[in-house]
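Taking it in order: structure first as structure tokens, then the write-up.
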Amino acid sequence: MRFFKRFTTKLILLFITTLLLSLLTLALLSHHILMNIIDESQEALYREKLEIILNELERQERTLQSTGLPDAYRHDIQEMTLESIADTYYNLDLGDIYPFITNYNFDMILHPNISFMGLNREEKAMMDRLVTGERGTFYTGFRGDQKWYIYQVFEPWDWIVSFTVSVENKYKDAISYRRIMITLIFFWVSLTGVGMTFILVGFTRPILFLTETARNIAAGNLDDTFELKQGDEIGSLAESFREMQTAVNDKIGELSREIGERLRVEEELSHARNLISAIVDSMPSVIIAVDPGGNITQWNGRAEKNYHSPASEVLGRPVREILPWIGDVLEGAREAWERDEVIYSVRRESELAEGTVYEDVEVYSMTAHGQEGLVIRIDNVTDEILLEQQIAQSKKMDAIGQLAGGVAHDFNNMLAGISSAASLIEMTGASEDREAMEYVSMILEASDRAAELTGKLLSFGRRQAVPFAVFHFHEAVQAALALLERTIDKKINISFDPMDEPDAISGSFTAVQNGIMNLVINASHAMPEGGTVKLATSPVVLSEEDCQAYPFELIPGSYVRLDVKDAGVGIAPEYLDKIFEPFFTTKETGKGTGLGLASVYGMIQNHKGAISVDSVPGEGTEFYLFFPLSEEEVKGGLNKEGPLSDNETKGTILLVDDEQVVRYSMKSYLEKKGYRVVAASSGQEALDILGLRHDEIDLVLTDMVMPDLNGKEVFEGVKKLNKECPVLIISGYTQDKNLEQLKADGLDGFIRKPFKFEELNRVIRENIRKIPRE
């Protein structure tokens, strides 16, 4: 009996010890497994949180790149992103669990404690040792607390995004589980020790056997098998245990396969959704999807930006409530679909504070998940429309310029004949009829006035030859103002605010001066009751984009801008596109030719500049003139030789002009001046004469525009026959590029029709060859 008691006691103690050890082993193993599960789940959880933040950073980076000016908007978008992250995470009561962001030098960029001053030198060195690679986790002590960190690098912005969790907080569930398990184990062991006193020794061995098996299963070996053939309750228990083990293994396998498949499908669906969402959000067009009830189901990033409404506020709301104007578009789309049209498109024009905005709206039908709906696409085409309008206006002005130049050329030819004939009558002095001579003077004055008008037309058409030189722009302005102060109404005041920067430009001093005078005179006429015309200059730098915004041939670079502002009656909006056209005027008949602004427009084109205007009726008008600055230095005036006297050596001139009246009058004048003149009615005839008499001809005077050979071709023919023979060209106009090319090739001079005989004689005497004759 004692042996039995000792054996029973030992057996019970052994059983209790074994049970205690088994339960403790199970507890430790389960605690270890739980710790691993917690580590994996915590890392997956916070890795997902990091991915959410990094996805937001990547979306903001794509938004930044889509602006076309990443450097200009980078700081603003980063600040906006940090505010969004702070609002999302720091407003939650998460205790010591929070994200923070540093740069590669571990300078703090985002932290929930705004008073946190960042890491000291030793802490930065510690972080530098622990942070390796683009992502990772580590444990470390930080200012008295043991903490766990998980981080990932965002390379585009050189940021390290991290989450920190205290070790105590991370494993609080495991610690609680351990405490409960220990309490339960000791309670169970105590209870079992009392109960096992009454259990027969016969049950000990199978129970121990089952305990060992349970220990193996607790260790994770679910496939462990055992054989216990016993016909009592223990045998039944063992059989049930085997059946349970088999069922659990089968179920676990089935669940594992099902979970794996679901995770794979969910991952693919999530990737597809994210990809589609990213594509839609990155599109430059506004994309809106609505359900059959007209409620918004999709609202992309461009829609948020254009209409200042985040998707979270508009999803589910009627689209007509957000965009009241869309109702007419949807009605038009419905009618189009009734006509079997797949896509309905319309161009919409709206007036906003920044001006007129043009939008192309397209509506598509959509079927998704068995339900019908609509997709609305909206594109801002304002820039394209404005560019088309600028091109059309530029073509119109060029066409008008071509017409004006051609008309001016023909008029100049006629004026040359009229003024030349009148000048010859005046030169003879033979008429004693004083009244007749007065009529001749009237003809000459009228010819001069007509010549001024054709000069303005030629300036507008850019067909007037203008000698260019480098000069100070402010000197041209001052010269114009000096003339204006003596001529305009005394009720008009003029102020000028010049810039301090260099103002050298290349151009025609006189043309710029006249253009400024025209603008100031127009401004004075717009203020009949008096007022102040304000002029100011400022330096500007035009980029490629700026140049494309003007209907002029501008080159990116430095410009001087002249502002001419009045406080007059202003210009009606419907006239702004016409004010630079020749002969357009709003003044009464006889009070304006309509050529002042046209000549300014032509002058601006000649100088490779630009002009624009802003005007508000009743408030005034302001013109903006842009002239490209020159890098060359302003040079002093060139010394010219004094005029030759009439009694100096004359010579023989080959005169070429297809207009008989001009040819006859010029020949008569030159012969009266003592020259020998050989006349030719065409370029080919002139070259034939020169070929026979090239040693006799001292100068060739030729028209520019002729039917067979033009002046350029005559010049080239003369130089081939006699390289030393001077050539002068006369014409109503010539293209600047042709004139500059002729000058580069050795052209000796150019005279514009109509001209004064005195000017003609001066240019001839300055250029004719002085070859002694035997």
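We name chains A, B, ... following the order of the structure tokens; residues begin at 1 in each chain, and ligands are numbered from 1 as shown.
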
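Residues within 10 Å of Asp500 of chain A, counting only C-alpha atoms and excluding same-chain residues fewer than 5 positions away, are A:Thr537, A:Ser538, A:Pro539.
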
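The environment of Gly530 of chain A within 8 Å, counting only C-alpha atoms and disregarding residues fewer than 5 places along the same chain, consists of Lys491, Ile492, Asn493 and Ser524 of chain A.
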
Residues within 12 Å of segment 712-715 of chain A, only C-alpha atoms, excluding chain neighbours under 5 positions, as JSON, numbers by chain: {"A": [654, 655, 656, 657, 680, 682, 683, 684, 685, 686, 687, 688, 690, 699, 700, 701, 702, 703, 704, 705, 706, 707, 720, 721, 722, 723, 724, 725, 726, 727, 728, 729, 730, 731, 734, 735, 737, 738, 739, 740, 741, 742, 743, 745, 746, 747, 748, 749, 750]}

Write the residues you've just listed into a file as a compact mmCIF listing (two decimals), in the first residue's frame, and include N, CA and C atoms for each of them.
```txt
# COMPACT_ATOMS: atom_id res chain seq x y z
N LEU A 654 23.65 106.20 -116.52
CA LEU A 654 22.74 105.28 -117.19
C LEU A 654 21.48 105.21 -116.32
N LEU A 655 20.36 105.79 -116.84
CA LEU A 655 19.10 105.88 -116.10
C LEU A 655 18.18 104.76 -116.55
N VAL A 656 17.68 103.93 -115.59
CA VAL A 656 16.84 102.77 -115.90
C VAL A 656 15.53 102.89 -115.12
N ASP A 657 14.38 103.01 -115.84
CA ASP A 657 13.06 103.07 -115.20
C ASP A 657 12.02 102.73 -116.24
N ALA A 680 17.23 104.05 -120.33
CA ALA A 680 16.80 102.70 -120.73
C ALA A 680 15.47 102.41 -120.06
N SER A 682 14.14 99.36 -119.61
CA SER A 682 14.08 98.03 -118.98
C SER A 682 15.47 97.66 -118.49
N GLY A 683 15.50 96.68 -117.60
CA GLY A 683 16.77 96.25 -117.06
C GLY A 683 17.65 95.59 -118.12
N GLN A 684 17.05 94.79 -118.99
CA GLN A 684 17.84 94.12 -120.02
C GLN A 684 18.45 95.13 -120.99
N GLU A 685 17.65 96.18 -121.37
CA GLU A 685 18.17 97.22 -122.26
C GLU A 685 19.35 97.93 -121.61
N ALA A 686 19.26 98.18 -120.30
CA ALA A 686 20.35 98.86 -119.60
C ALA A 686 21.63 98.04 -119.63
N LEU A 687 21.50 96.72 -119.42
CA LEU A 687 22.70 95.86 -119.43
C LEU A 687 23.30 95.78 -120.83
N ASP A 688 22.44 95.79 -121.84
CA ASP A 688 22.95 95.79 -123.22
C ASP A 688 23.75 97.06 -123.49
N LEU A 690 25.21 99.02 -121.27
CA LEU A 690 26.42 99.01 -120.46
C LEU A 690 27.48 98.11 -121.07
N LEU A 699 27.91 106.05 -113.65
CA LEU A 699 26.99 105.70 -112.56
C LEU A 699 25.72 105.11 -113.18
N VAL A 700 25.16 104.08 -112.53
CA VAL A 700 23.88 103.49 -112.96
C VAL A 700 22.83 103.84 -111.91
N LEU A 701 21.72 104.45 -112.40
CA LEU A 701 20.61 104.83 -111.53
C LEU A 701 19.40 104.02 -111.99
N THR A 702 18.95 103.04 -111.18
CA THR A 702 17.93 102.10 -111.63
C THR A 702 16.77 102.00 -110.67
N ASP A 703 15.57 101.77 -111.24
CA ASP A 703 14.39 101.51 -110.43
C ASP A 703 14.50 100.11 -109.83
N MET A 704 13.77 99.85 -108.74
CA MET A 704 13.83 98.54 -108.09
C MET A 704 12.86 97.55 -108.71
N VAL A 705 11.61 97.96 -108.94
CA VAL A 705 10.57 97.06 -109.42
C VAL A 705 10.32 97.34 -110.89
N MET A 706 10.67 96.36 -111.76
CA MET A 706 10.47 96.47 -113.20
C MET A 706 10.02 95.13 -113.73
N PRO A 707 9.38 95.12 -114.91
CA PRO A 707 8.76 93.88 -115.41
C PRO A 707 9.73 92.74 -115.68
N LYS A 720 28.92 92.50 -112.71
CA LYS A 720 29.62 91.52 -113.53
C LYS A 720 30.33 92.20 -114.71
N LEU A 721 29.66 93.25 -115.27
CA LEU A 721 30.23 93.93 -116.44
C LEU A 721 31.29 94.95 -116.03
N ASN A 722 31.05 95.65 -114.93
CA ASN A 722 31.98 96.72 -114.50
C ASN A 722 31.90 96.82 -112.99
N LYS A 723 32.81 96.17 -112.31
CA LYS A 723 32.76 96.09 -110.85
C LYS A 723 32.93 97.44 -110.19
N GLU A 724 33.62 98.39 -110.85
CA GLU A 724 33.90 99.69 -110.25
C GLU A 724 32.78 100.70 -110.46
N CYS A 725 31.79 100.38 -111.28
CA CYS A 725 30.73 101.34 -111.60
C CYS A 725 29.76 101.45 -110.43
N PRO A 726 29.53 102.67 -109.88
CA PRO A 726 28.58 102.83 -108.77
C PRO A 726 27.15 102.55 -109.25
N VAL A 727 26.31 102.00 -108.32
CA VAL A 727 24.92 101.71 -108.62
C VAL A 727 24.06 102.29 -107.50
N LEU A 728 23.04 103.08 -107.93
CA LEU A 728 22.04 103.60 -107.00
C LEU A 728 20.70 103.01 -107.38
N ILE A 729 19.89 102.67 -106.36
CA ILE A 729 18.55 102.12 -106.60
C ILE A 729 17.52 103.10 -106.10
N ILE A 730 16.48 103.32 -106.93
CA ILE A 730 15.34 104.17 -106.53
C ILE A 730 14.08 103.31 -106.61
N SER A 731 13.18 103.48 -105.61
CA SER A 731 11.95 102.69 -105.62
C SER A 731 10.98 103.24 -104.61
N THR A 734 11.22 98.71 -100.76
CA THR A 734 12.03 97.50 -100.91
C THR A 734 12.01 96.74 -99.60
N GLN A 735 12.06 95.45 -99.68
CA GLN A 735 12.11 94.64 -98.47
C GLN A 735 13.44 94.87 -97.75
N LYS A 737 15.30 92.91 -96.02
CA LYS A 737 16.31 91.87 -96.20
C LYS A 737 17.00 92.02 -97.56
N ASN A 738 16.23 92.44 -98.61
CA ASN A 738 16.85 92.65 -99.93
C ASN A 738 17.81 93.82 -99.89
N LEU A 739 17.38 94.92 -99.25
CA LEU A 739 18.22 96.11 -99.18
C LEU A 739 19.50 95.81 -98.42
N GLU A 740 19.38 95.15 -97.26
CA GLU A 740 20.58 94.83 -96.48
C GLU A 740 21.53 93.91 -97.25
N GLN A 741 20.95 92.96 -98.01
CA GLN A 741 21.79 92.07 -98.80
C GLN A 741 22.50 92.83 -99.91
N LEU A 742 21.77 93.78 -100.56
CA LEU A 742 22.38 94.58 -101.62
C LEU A 742 23.51 95.44 -101.06
N LYS A 743 23.28 96.02 -99.88
CA LYS A 743 24.33 96.84 -99.25
C LYS A 743 25.56 95.99 -98.96
N ASP A 745 26.47 93.47 -100.58
CA ASP A 745 27.11 93.11 -101.85
C ASP A 745 27.76 94.30 -102.54
N GLY A 746 27.63 95.51 -101.96
CA GLY A 746 28.32 96.67 -102.54
C GLY A 746 27.43 97.73 -103.12
N LEU A 747 26.11 97.73 -102.81
CA LEU A 747 25.22 98.79 -103.29
C LEU A 747 25.68 100.13 -102.73
N ASP A 748 25.74 101.14 -103.60
CA ASP A 748 26.29 102.44 -103.18
C ASP A 748 25.27 103.35 -102.54
N GLY A 749 23.97 103.19 -102.85
CA GLY A 749 22.98 104.07 -102.24
C GLY A 749 21.58 103.68 -102.64
N PHE A 750 20.59 104.19 -101.88
CA PHE A 750 19.18 103.92 -102.14
C PHE A 750 18.41 105.21 -101.96
```

Who sits within 9 Å of segment 469-475 of chain A, only C-alpha atoms, same chain under 2 positions skipped, as a list in words: Pro467, Val477, Gln478, Ala479, Ala480, Pro498, Met499, Pro502, Asp503, Ala504, Ile505, Ser506, Gly507, Ser508, Phe509, Val512, Gln513, Thr537, Val560, Phe627, Ser630, Glu632, Glu633, Val634 and Lys635 of chain A

Segment 55-70 of chain A environment, 9 Å, only C-alpha atoms, sequence neighbours closer than 3 positions dropped, as number ranges by chain: A: 50-52, 73-74, 77-78, 81, 85, 154, 156-157, 278, 281-282, 284, 301

Given the selection you just returned, output its residues as a file containing N, CA, C and O atoms, formatted as an mmCIF file, in the first residue's frame.
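Below is the file out-v9.cif, written as the result:
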```cif
data_model
loop_
_atom_site.group_PDB
_atom_site.id
_atom_site.type_symbol
_atom_site.label_atom_id
_atom_site.label_comp_id
_atom_site.auth_asym_id
_atom_site.auth_seq_id
_atom_site.Cartn_x
_atom_site.Cartn_y
_atom_site.Cartn_z
ATOM 1 N N LEU A 50 2.991 52.780 -44.087
ATOM 2 C CA LEU A 50 4.048 53.497 -44.816
ATOM 3 C C LEU A 50 3.726 53.572 -46.300
ATOM 4 O O LEU A 50 3.963 54.593 -46.955
ATOM 5 N N GLU A 51 3.196 52.465 -46.870
ATOM 6 C CA GLU A 51 2.871 52.448 -48.295
ATOM 7 C C GLU A 51 1.808 53.496 -48.610
ATOM 8 O O GLU A 51 1.841 54.137 -49.663
ATOM 9 N N ILE A 52 0.839 53.655 -47.683
ATOM 10 C CA ILE A 52 -0.207 54.676 -47.901
ATOM 11 C C ILE A 52 0.427 56.065 -47.986
ATOM 12 O O ILE A 52 0.123 56.869 -48.872
ATOM 13 N N TYR A 73 7.108 74.753 -57.898
ATOM 14 C CA TYR A 73 6.010 74.376 -57.030
ATOM 15 C C TYR A 73 6.403 73.317 -56.011
ATOM 16 O O TYR A 73 5.585 72.857 -55.219
ATOM 17 N N ARG A 74 7.684 72.844 -56.016
ATOM 18 C CA ARG A 74 8.069 71.735 -55.137
ATOM 19 C C ARG A 74 7.809 72.047 -53.667
ATOM 20 O O ARG A 74 7.215 71.251 -52.933
ATOM 21 N N ILE A 77 4.002 72.102 -52.749
ATOM 22 C CA ILE A 77 3.369 70.782 -52.753
ATOM 23 C C ILE A 77 3.873 69.954 -51.576
ATOM 24 O O ILE A 77 3.128 69.217 -50.928
ATOM 25 N N GLN A 78 5.183 70.077 -51.227
ATOM 26 C CA GLN A 78 5.700 69.344 -50.060
ATOM 27 C C GLN A 78 5.022 69.815 -48.782
ATOM 28 O O GLN A 78 4.644 68.997 -47.925
ATOM 29 N N THR A 81 1.575 68.442 -48.637
ATOM 30 C CA THR A 81 1.589 67.008 -48.337
ATOM 31 C C THR A 81 1.827 66.773 -46.843
ATOM 32 O O THR A 81 1.180 65.930 -46.215
ATOM 33 N N ILE A 85 -0.606 64.793 -44.137
ATOM 34 C CA ILE A 85 -0.192 63.664 -43.299
ATOM 35 C C ILE A 85 -0.433 63.986 -41.825
ATOM 36 O O ILE A 85 -0.931 63.147 -41.061
ATOM 37 N N PHE A 154 11.931 57.624 -49.365
ATOM 38 C CA PHE A 154 11.262 58.191 -50.557
ATOM 39 C C PHE A 154 12.297 59.022 -51.318
ATOM 40 O O PHE A 154 12.595 60.156 -50.965
ATOM 41 N N PRO A 156 12.625 60.493 -54.422
ATOM 42 C CA PRO A 156 12.459 61.761 -55.171
ATOM 43 C C PRO A 156 12.629 62.994 -54.314
ATOM 44 O O PRO A 156 13.058 64.024 -54.810
ATOM 45 N N TRP A 157 12.259 62.893 -53.006
ATOM 46 C CA TRP A 157 12.386 64.084 -52.146
ATOM 47 C C TRP A 157 13.480 63.925 -51.088
ATOM 48 O O TRP A 157 13.597 64.756 -50.193
ATOM 49 N N ALA A 278 -4.893 55.823 -60.825
ATOM 50 C CA ALA A 278 -3.726 56.672 -61.069
ATOM 51 C C ALA A 278 -3.754 57.231 -62.491
ATOM 52 O O ALA A 278 -3.416 58.395 -62.727
ATOM 53 N N ASP A 281 -6.453 59.913 -62.626
ATOM 54 C CA ASP A 281 -6.056 61.119 -61.879
ATOM 55 C C ASP A 281 -4.942 61.884 -62.567
ATOM 56 O O ASP A 281 -4.840 63.105 -62.436
ATOM 57 N N SER A 282 -4.083 61.186 -63.302
ATOM 58 C CA SER A 282 -2.949 61.849 -63.941
ATOM 59 C C SER A 282 -3.308 62.467 -65.282
ATOM 60 O O SER A 282 -2.492 63.165 -65.870
ATOM 61 N N PRO A 284 -4.635 65.014 -68.045
ATOM 62 C CA PRO A 284 -4.778 66.477 -68.032
ATOM 63 C C PRO A 284 -6.213 66.938 -68.223
ATOM 64 O O PRO A 284 -6.508 68.114 -68.059
ATOM 65 N N GLY A 301 -8.386 63.982 -60.345
ATOM 66 C CA GLY A 301 -7.579 65.048 -59.750
ATOM 67 C C GLY A 301 -7.718 66.371 -60.482
ATOM 68 O O GLY A 301 -7.718 67.438 -59.865
#
```

Val290 of chain A environment, 6 Å, only C-alpha atoms, sequence neighbours closer than 6 positions dropped, as a PyMOL selection string: chain A and resi 296-297+373-374

Output file for the selection above: N, CA and C atoms, as a tab-separated table (two decimals), in the first residue's frame:
```
chain	number	residue	atom	x	y	z
A	296	ILE	N	-22.56	61.67	-59.11
A	296	ILE	CA	-21.14	61.54	-59.44
A	296	ILE	C	-20.57	60.27	-58.80
A	297	THR	N	-19.90	59.45	-59.65
A	297	THR	CA	-19.23	58.25	-59.15
A	297	THR	C	-17.73	58.31	-59.34
A	373	GLY	N	-24.22	54.33	-67.39
A	373	GLY	CA	-23.83	55.64	-66.84
A	373	GLY	C	-23.20	56.49	-67.92
A	374	LEU	N	-22.61	57.60	-67.52
A	374	LEU	CA	-21.99	58.53	-68.46
A	374	LEU	C	-20.57	58.85	-67.99
```

Near-Val375 of chain A list (10 Å; only C-alpha atoms; drop same-chain fewer than 2 positions) as a list in words: Ile287, Ile288, Ala289, Val290, Asp291, Ile296, Thr297, Gln298, Glu362, Val363, Tyr364, Ser365, Met366, Thr367, Gly373 and Arg377 of chain A

Restricting the output to N, CA, C and O atoms, write the selected residues as an mmCIF file, in the first residue's frame.
```
data_model
loop_
_atom_site.group_PDB
_atom_site.id
_atom_site.type_symbol
_atom_site.label_atom_id
_atom_site.label_comp_id
_atom_site.auth_asym_id
_atom_site.auth_seq_id
_atom_site.Cartn_x
_atom_site.Cartn_y
_atom_site.Cartn_z
ATOM 1 N N ILE A 287 -12.161 64.390 -65.808
ATOM 2 C CA ILE A 287 -12.913 63.157 -66.043
ATOM 3 C C ILE A 287 -13.948 63.015 -64.921
ATOM 4 O O ILE A 287 -13.599 62.955 -63.738
ATOM 5 N N ILE A 288 -15.225 62.955 -65.326
ATOM 6 C CA ILE A 288 -16.321 62.809 -64.362
ATOM 7 C C ILE A 288 -17.193 61.658 -64.832
ATOM 8 O O ILE A 288 -17.600 61.617 -66.006
ATOM 9 N N ALA A 289 -17.476 60.719 -63.939
ATOM 10 C CA ALA A 289 -18.395 59.626 -64.238
ATOM 11 C C ALA A 289 -19.650 59.803 -63.395
ATOM 12 O O ALA A 289 -19.572 60.177 -62.214
ATOM 13 N N VAL A 290 -20.817 59.555 -64.007
ATOM 14 C CA VAL A 290 -22.090 59.683 -63.287
ATOM 15 C C VAL A 290 -22.906 58.422 -63.525
ATOM 16 O O VAL A 290 -22.786 57.757 -64.561
ATOM 17 N N ASP A 291 -23.748 58.087 -62.529
ATOM 18 C CA ASP A 291 -24.612 56.918 -62.658
ATOM 19 C C ASP A 291 -25.900 57.298 -63.378
ATOM 20 O O ASP A 291 -26.095 58.477 -63.736
ATOM 21 N N ILE A 296 -22.562 61.666 -59.110
ATOM 22 C CA ILE A 296 -21.140 61.536 -59.440
ATOM 23 C C ILE A 296 -20.567 60.270 -58.803
ATOM 24 O O ILE A 296 -20.708 60.048 -57.599
ATOM 25 N N THR A 297 -19.901 59.451 -59.650
ATOM 26 C CA THR A 297 -19.231 58.250 -59.149
ATOM 27 C C THR A 297 -17.726 58.306 -59.339
ATOM 28 O O THR A 297 -17.005 57.488 -58.769
ATOM 29 N N GLN A 298 -17.246 59.223 -60.159
ATOM 30 C CA GLN A 298 -15.802 59.387 -60.383
ATOM 31 C C GLN A 298 -15.508 60.876 -60.541
ATOM 32 O O GLN A 298 -16.214 61.586 -61.269
ATOM 33 N N GLU A 362 -16.963 66.563 -73.908
ATOM 34 C CA GLU A 362 -17.368 65.347 -74.601
ATOM 35 C C GLU A 362 -18.067 64.430 -73.605
ATOM 36 O O GLU A 362 -17.635 64.300 -72.460
ATOM 37 N N VAL A 363 -19.175 63.792 -74.066
ATOM 38 C CA VAL A 363 -19.950 62.905 -73.209
ATOM 39 C C VAL A 363 -20.019 61.535 -73.885
ATOM 40 O O VAL A 363 -20.367 61.433 -75.073
ATOM 41 N N TYR A 364 -19.651 60.468 -73.143
ATOM 42 C CA TYR A 364 -19.672 59.101 -73.636
ATOM 43 C C TYR A 364 -20.639 58.296 -72.767
ATOM 44 O O TYR A 364 -20.769 58.543 -71.563
ATOM 45 N N SER A 365 -21.290 57.332 -73.385
ATOM 46 C CA SER A 365 -22.087 56.389 -72.600
ATOM 47 C C SER A 365 -21.174 55.300 -72.045
ATOM 48 O O SER A 365 -20.150 54.964 -72.647
ATOM 49 N N MET A 366 -21.552 54.734 -70.894
ATOM 50 C CA MET A 366 -20.707 53.746 -70.225
ATOM 51 C C MET A 366 -21.595 52.688 -69.584
ATOM 52 O O MET A 366 -22.668 53.002 -69.050
ATOM 53 N N THR A 367 -21.141 51.441 -69.669
ATOM 54 C CA THR A 367 -21.823 50.332 -68.993
ATOM 55 C C THR A 367 -20.800 49.602 -68.133
ATOM 56 O O THR A 367 -19.768 49.155 -68.633
ATOM 57 N N GLY A 373 -24.217 54.334 -67.391
ATOM 58 C CA GLY A 373 -23.833 55.640 -66.841
ATOM 59 C C GLY A 373 -23.200 56.490 -67.923
ATOM 60 O O GLY A 373 -23.248 56.161 -69.116
ATOM 61 N N ARG A 377 -15.892 64.221 -70.264
ATOM 62 C CA ARG A 377 -14.499 64.676 -70.384
ATOM 63 C C ARG A 377 -14.499 66.153 -70.760
ATOM 64 O O ARG A 377 -15.152 66.565 -71.717
#
```

Residues of segment 595-736 of chain A in strand (DSSP E or B), written as a ChimeraX atom specification: /A:610-616,620-629,652-656,676-680,699-703,727-731

Requested write-out: N, CA and C atoms of the selected residues, as a compact mmCIF listing (two decimals), in the first residue's frame:
```txt
# COMPACT_ATOMS: atom_id res chain seq x y z
N ALA A 610 7.26 94.28 -80.37
CA ALA A 610 5.85 93.91 -80.20
C ALA A 610 5.12 95.10 -79.61
N ILE A 611 3.81 95.13 -79.82
CA ILE A 611 2.97 96.18 -79.25
C ILE A 611 1.67 95.54 -78.81
N SER A 612 1.16 95.96 -77.65
CA SER A 612 -0.14 95.50 -77.16
C SER A 612 -0.84 96.69 -76.52
N VAL A 613 -2.13 96.54 -76.26
CA VAL A 613 -2.91 97.66 -75.74
C VAL A 613 -3.94 97.13 -74.75
N ASP A 614 -4.15 97.90 -73.68
CA ASP A 614 -5.23 97.68 -72.73
C ASP A 614 -6.06 98.95 -72.67
N SER A 615 -7.37 98.81 -72.71
CA SER A 615 -8.20 100.00 -72.68
C SER A 615 -9.52 99.71 -71.99
N VAL A 616 -9.95 100.67 -71.18
CA VAL A 616 -11.24 100.59 -70.50
C VAL A 616 -12.02 101.85 -70.88
N GLY A 620 -9.49 105.15 -69.81
CA GLY A 620 -8.23 105.46 -70.48
C GLY A 620 -7.66 104.26 -71.21
N THR A 621 -6.49 104.50 -71.83
CA THR A 621 -5.83 103.50 -72.67
C THR A 621 -4.35 103.48 -72.33
N GLU A 622 -3.75 102.28 -72.42
CA GLU A 622 -2.32 102.15 -72.20
C GLU A 622 -1.74 101.24 -73.26
N PHE A 623 -0.72 101.75 -73.99
CA PHE A 623 0.00 100.98 -74.98
C PHE A 623 1.32 100.48 -74.38
N TYR A 624 1.72 99.26 -74.77
CA TYR A 624 2.97 98.67 -74.32
C TYR A 624 3.80 98.33 -75.55
N LEU A 625 4.96 98.97 -75.68
CA LEU A 625 5.85 98.75 -76.82
C LEU A 625 7.11 98.04 -76.33
N PHE A 626 7.50 96.99 -77.03
CA PHE A 626 8.69 96.20 -76.67
C PHE A 626 9.73 96.33 -77.78
N PHE A 627 10.95 96.74 -77.40
CA PHE A 627 12.07 96.84 -78.34
C PHE A 627 13.21 95.97 -77.83
N PRO A 628 13.78 95.11 -78.68
CA PRO A 628 14.92 94.29 -78.23
C PRO A 628 16.14 95.15 -77.94
N LEU A 629 16.76 94.92 -76.79
CA LEU A 629 17.96 95.66 -76.43
C LEU A 629 19.15 95.16 -77.25
N THR A 652 28.61 110.66 -116.89
CA THR A 652 27.55 110.04 -117.68
C THR A 652 26.78 109.06 -116.80
N ILE A 653 25.46 109.21 -116.83
CA ILE A 653 24.58 108.39 -115.99
C ILE A 653 23.71 107.51 -116.87
N LEU A 654 23.65 106.20 -116.52
CA LEU A 654 22.74 105.28 -117.19
C LEU A 654 21.48 105.21 -116.32
N LEU A 655 20.36 105.79 -116.84
CA LEU A 655 19.10 105.88 -116.10
C LEU A 655 18.18 104.76 -116.55
N VAL A 656 17.68 103.93 -115.59
CA VAL A 656 16.84 102.77 -115.90
C VAL A 656 15.53 102.89 -115.12
N ARG A 676 25.51 113.94 -118.49
CA ARG A 676 25.11 113.26 -119.71
C ARG A 676 24.29 112.04 -119.30
N VAL A 677 23.09 111.86 -119.90
CA VAL A 677 22.16 110.83 -119.46
C VAL A 677 21.85 109.91 -120.63
N VAL A 678 22.02 108.60 -120.36
CA VAL A 678 21.59 107.56 -121.31
C VAL A 678 20.42 106.84 -120.65
N ALA A 679 19.23 106.88 -121.28
CA ALA A 679 18.02 106.33 -120.66
C ALA A 679 17.72 104.95 -121.23
N ALA A 680 17.23 104.05 -120.33
CA ALA A 680 16.80 102.70 -120.73
C ALA A 680 15.47 102.41 -120.06
N LEU A 699 27.91 106.05 -113.65
CA LEU A 699 26.99 105.70 -112.56
C LEU A 699 25.72 105.11 -113.18
N VAL A 700 25.16 104.08 -112.53
CA VAL A 700 23.88 103.49 -112.96
C VAL A 700 22.83 103.84 -111.91
N LEU A 701 21.72 104.45 -112.40
CA LEU A 701 20.61 104.83 -111.53
C LEU A 701 19.40 104.02 -111.99
N THR A 702 18.95 103.04 -111.18
CA THR A 702 17.93 102.10 -111.63
C THR A 702 16.77 102.00 -110.67
N ASP A 703 15.57 101.77 -111.24
CA ASP A 703 14.39 101.51 -110.43
C ASP A 703 14.50 100.11 -109.83
N VAL A 727 26.31 102.00 -108.32
CA VAL A 727 24.92 101.71 -108.62
C VAL A 727 24.06 102.29 -107.50
N LEU A 728 23.04 103.08 -107.93
CA LEU A 728 22.04 103.60 -107.00
C LEU A 728 20.70 103.01 -107.38
N ILE A 729 19.89 102.67 -106.36
CA ILE A 729 18.55 102.12 -106.60
C ILE A 729 17.52 103.10 -106.10
N ILE A 730 16.48 103.32 -106.93
CA ILE A 730 15.34 104.17 -106.53
C ILE A 730 14.08 103.31 -106.61
N SER A 731 13.18 103.48 -105.61
CA SER A 731 11.95 102.69 -105.62
C SER A 731 10.98 103.24 -104.61
```

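For the pair atom CA of Val361 of chain A and atom CA of Tyr550 of chain A, the separation is 27.6 Å.
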